[in-house]
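Raw contents of my_file.cif, mmCIF, C-alpha atoms:
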```
data_entry
#
loop_
_atom_site.label_atom_id
_atom_site.label_comp_id
_atom_site.auth_asym_id
_atom_site.auth_seq_id
_atom_site.Cartn_x
_atom_site.Cartn_y
_atom_site.Cartn_z
CA MET A 14 -16.15 5.51 -2.74
CA PHE A 15 -18.19 8.45 -4.02
CA VAL A 16 -20.01 8.93 -0.73
CA ILE A 17 -17.00 8.77 1.59
CA PRO A 18 -16.68 12.57 1.89
CA PHE A 19 -20.34 12.81 2.80
CA ILE A 20 -20.58 9.95 5.30
CA GLY A 21 -17.21 10.78 6.86
CA PRO A 22 -18.63 13.24 9.42
CA ILE A 23 -21.28 10.70 10.40
CA LEU A 24 -18.71 7.94 10.91
CA GLU A 25 -16.44 10.38 12.73
CA PHE A 26 -19.14 10.93 15.35
CA PHE A 27 -19.08 7.23 16.27
CA ILE A 28 -15.40 6.39 15.75
CA LYS A 29 -13.62 9.51 17.02
CA PRO A 30 -14.28 8.89 20.75
CA LEU A 31 -12.73 5.45 20.42
CA PHE A 32 -9.62 6.79 18.72
CA ASP A 33 -9.39 9.62 21.25
CA TRP A 34 -9.47 7.11 24.06
CA LEU A 35 -6.90 4.83 22.39
CA GLY A 36 -4.61 7.70 21.42
CA LYS A 37 -4.15 9.29 24.84
CA LYS A 38 -0.48 9.91 25.52
CA GLU A 39 1.42 11.79 28.13
CA ASP A 40 2.47 15.26 27.07
CA THR A 41 6.19 15.83 26.78
CA LYS A 42 7.93 19.05 27.70
CA VAL A 43 9.52 20.81 24.71
CA LYS A 44 11.61 23.94 24.77
CA LEU A 45 10.29 26.45 22.23
CA ASP A 46 11.47 29.81 20.97
CA SER A 47 9.13 32.79 21.23
CA ASN A 48 8.72 32.81 17.43
CA ASP A 49 7.63 29.16 17.50
CA VAL A 50 5.06 29.95 20.16
CA GLU A 51 3.58 32.75 18.05
CA VAL A 52 3.29 30.47 15.03
CA ILE A 53 1.69 27.73 17.10
CA ASN A 54 -0.77 30.19 18.66
CA ALA A 55 -1.74 31.52 15.22
CA ARG A 56 -2.36 27.98 13.97
CA VAL A 57 -4.39 27.10 17.04
CA GLN A 58 -6.56 30.19 16.61
CA ALA A 59 -7.19 29.30 12.95
CA ILE A 60 -8.10 25.73 13.87
CA ILE A 61 -10.44 26.87 16.64
CA ALA A 62 -12.11 29.41 14.33
CA THR A 63 -12.85 26.81 11.63
CA LYS A 64 -13.16 23.64 13.69
CA ASP A 65 -16.88 22.96 13.43
CA ASP A 66 -17.73 25.23 10.52
CA PRO A 67 -20.03 23.17 8.27
CA GLY A 68 -19.42 25.44 5.29
CA ILE A 69 -15.69 24.79 5.30
CA ARG A 70 -16.20 21.06 5.72
CA LEU A 71 -18.77 20.95 2.92
CA ALA A 72 -16.54 23.00 0.58
CA ARG A 73 -13.56 20.77 1.30
CA ASP A 74 -15.59 17.60 0.77
CA ALA A 75 -17.16 18.96 -2.44
CA ALA A 76 -13.73 19.91 -3.78
CA MET A 77 -12.43 16.41 -3.12
CA TRP A 78 -15.45 14.56 -4.52
CA PHE A 79 -14.75 15.21 -8.22
CA PRO A 80 -11.16 13.92 -8.37
CA ILE A 81 -12.16 10.94 -6.20
CA ALA A 82 -15.01 10.12 -8.58
CA TYR A 83 -12.77 10.50 -11.66
CA VAL A 84 -10.02 8.27 -10.27
CA ASN A 85 -12.48 5.60 -9.16
CA VAL A 86 -14.27 5.45 -12.52
CA TYR A 87 -10.94 5.49 -14.39
CA ILE A 88 -9.64 2.55 -12.31
CA TRP A 89 -12.95 0.74 -12.84
CA ASP A 90 -12.61 1.18 -16.61
CA ARG A 91 -9.06 -0.17 -16.63
CA MET A 92 -10.09 -3.24 -14.60
CA MET A 93 -13.24 -3.98 -16.60
CA ASP A 94 -11.62 -3.35 -19.99
CA ILE A 95 -10.04 -6.81 -20.01
CA SER A 96 -12.74 -9.08 -18.62
CA HIS A 97 -16.04 -7.22 -19.17
CA PRO A 98 -15.77 -4.58 -21.91
CA GLU A 99 -19.52 -4.00 -21.81
CA LEU A 100 -19.17 -2.44 -18.32
CA VAL A 101 -16.64 0.19 -19.38
CA TRP A 102 -17.78 3.81 -19.01
CA GLY A 103 -15.21 5.22 -21.42
CA VAL A 104 -13.36 7.66 -19.18
CA LYS A 105 -10.32 9.08 -20.94
CA PRO A 106 -6.98 9.56 -19.17
CA LEU A 107 -5.70 13.06 -18.61
CA ASP A 108 -3.48 13.85 -21.60
CA LEU A 109 -1.68 16.72 -19.93
CA PRO A 110 1.97 17.11 -19.13
CA TRP A 111 2.54 16.62 -15.41
CA GLU A 112 3.49 20.29 -14.94
CA ASN A 113 -0.09 21.31 -15.71
CA TYR A 114 -1.94 19.16 -13.21
CA MET A 115 0.57 18.59 -10.42
CA PRO A 116 -0.22 21.91 -8.64
CA ILE A 117 -3.90 20.99 -8.69
CA MET A 118 -3.14 17.53 -7.31
CA ALA A 119 -0.99 19.14 -4.59
CA VAL A 120 -3.96 21.23 -3.49
CA TYR A 121 -6.19 18.15 -3.43
CA ALA A 122 -3.57 16.21 -1.46
CA PHE A 123 -3.40 19.07 1.04
CA LEU A 124 -7.20 19.14 1.40
CA PHE A 125 -7.30 15.37 1.80
CA ALA A 126 -4.60 15.47 4.49
CA MET A 127 -6.38 18.28 6.33
CA ALA A 128 -9.65 16.35 6.22
CA TRP A 129 -8.10 13.22 7.74
CA ARG A 130 -5.87 14.80 10.38
CA GLY A 131 -8.77 16.16 12.38
CA LYS A 132 -9.04 19.65 10.89
#
```
Translate this file's structure into structure tokens.
Amino acid sequence: MFVIPFIGPILEFFIKPLFDWLGKKEDTKVKLDSNDVEVINARVQAIIATKDDPGIRLARDAAMWFPIAYVNVYIWDRMMDISHPELVWGVKPLDLPWENYMPIMAVYAFLFAMAWRGK
């Protein structure tokens, strides 16, 4: 699980054409206001500007690696604590009230969603 952010771009190279081929759909006509069109154009320009930027992808993957590693080791400790206590790493749970770490988790959830929706 620790290497998923780093091997993701490699797997994407092989799997993305298949999903693109399977996901082809006919475009539907939608009536939009002029304000909606401006917002959509701004988003498209931002996506185009950062689409293949390796620095942004590396920063996003590096930011996600630490919470992924913590959660995986914490879950490992909880599973091994019962049957094999000698394999426990000793990771402590976060003893914070939820108000302190929920904004951070929201940012990580946003980064994770942006990584998986195709930038």
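Among A:Ala75, A:Ile23, A:Val104, A:Ala62, the residue with the shortest atom-to-atom distance to A:Asp90, counting all atoms listed in the file, is A:Val104.
Rounded to one decimal, atom CA of A:Glu112 and atom CA of A:Tyr83 lie 19.3 Å from each other.
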I'd like to see the residues matched by the PyMOL selection byres ((chain A and resi 77) around 8) on this file, and ideally I'd get them as a list in words. Pro18, Arg73, Asp74, Ala75, Ala76, Trp78, Phe79, Pro80, Ile81, Tyr121, Leu124 and Phe125 of chain A
Compile the contact shell of A:Trp102 as a ChimeraX atom specification: residues with an atom at most 9 Å away, counting only C-alpha atoms, same-chain residues fewer than 3 positions apart removed. /A:86-87,89-90,99
Just-selected residues, C-alpha atoms written as a compact mmCIF listing (two decimals), keeping the file's coordinate frame:
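Just written: part_2.txt:
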```
# COMPACT_ATOMS: atom_id res chain seq x y z
CA VAL A 86 -14.27 5.45 -12.52
CA TYR A 87 -10.94 5.49 -14.39
CA TRP A 89 -12.95 0.74 -12.84
CA ASP A 90 -12.61 1.18 -16.61
CA GLU A 99 -19.52 -4.00 -21.81
```
Atomic distance atom CA of A:Gly103 - atom CA of A:Asn85, expressed in Å with one decimal: 12.6 Å
Atom pair atom CA of A:Val120 / atom CA of A:Glu25: separation (Å): 23.2 Å
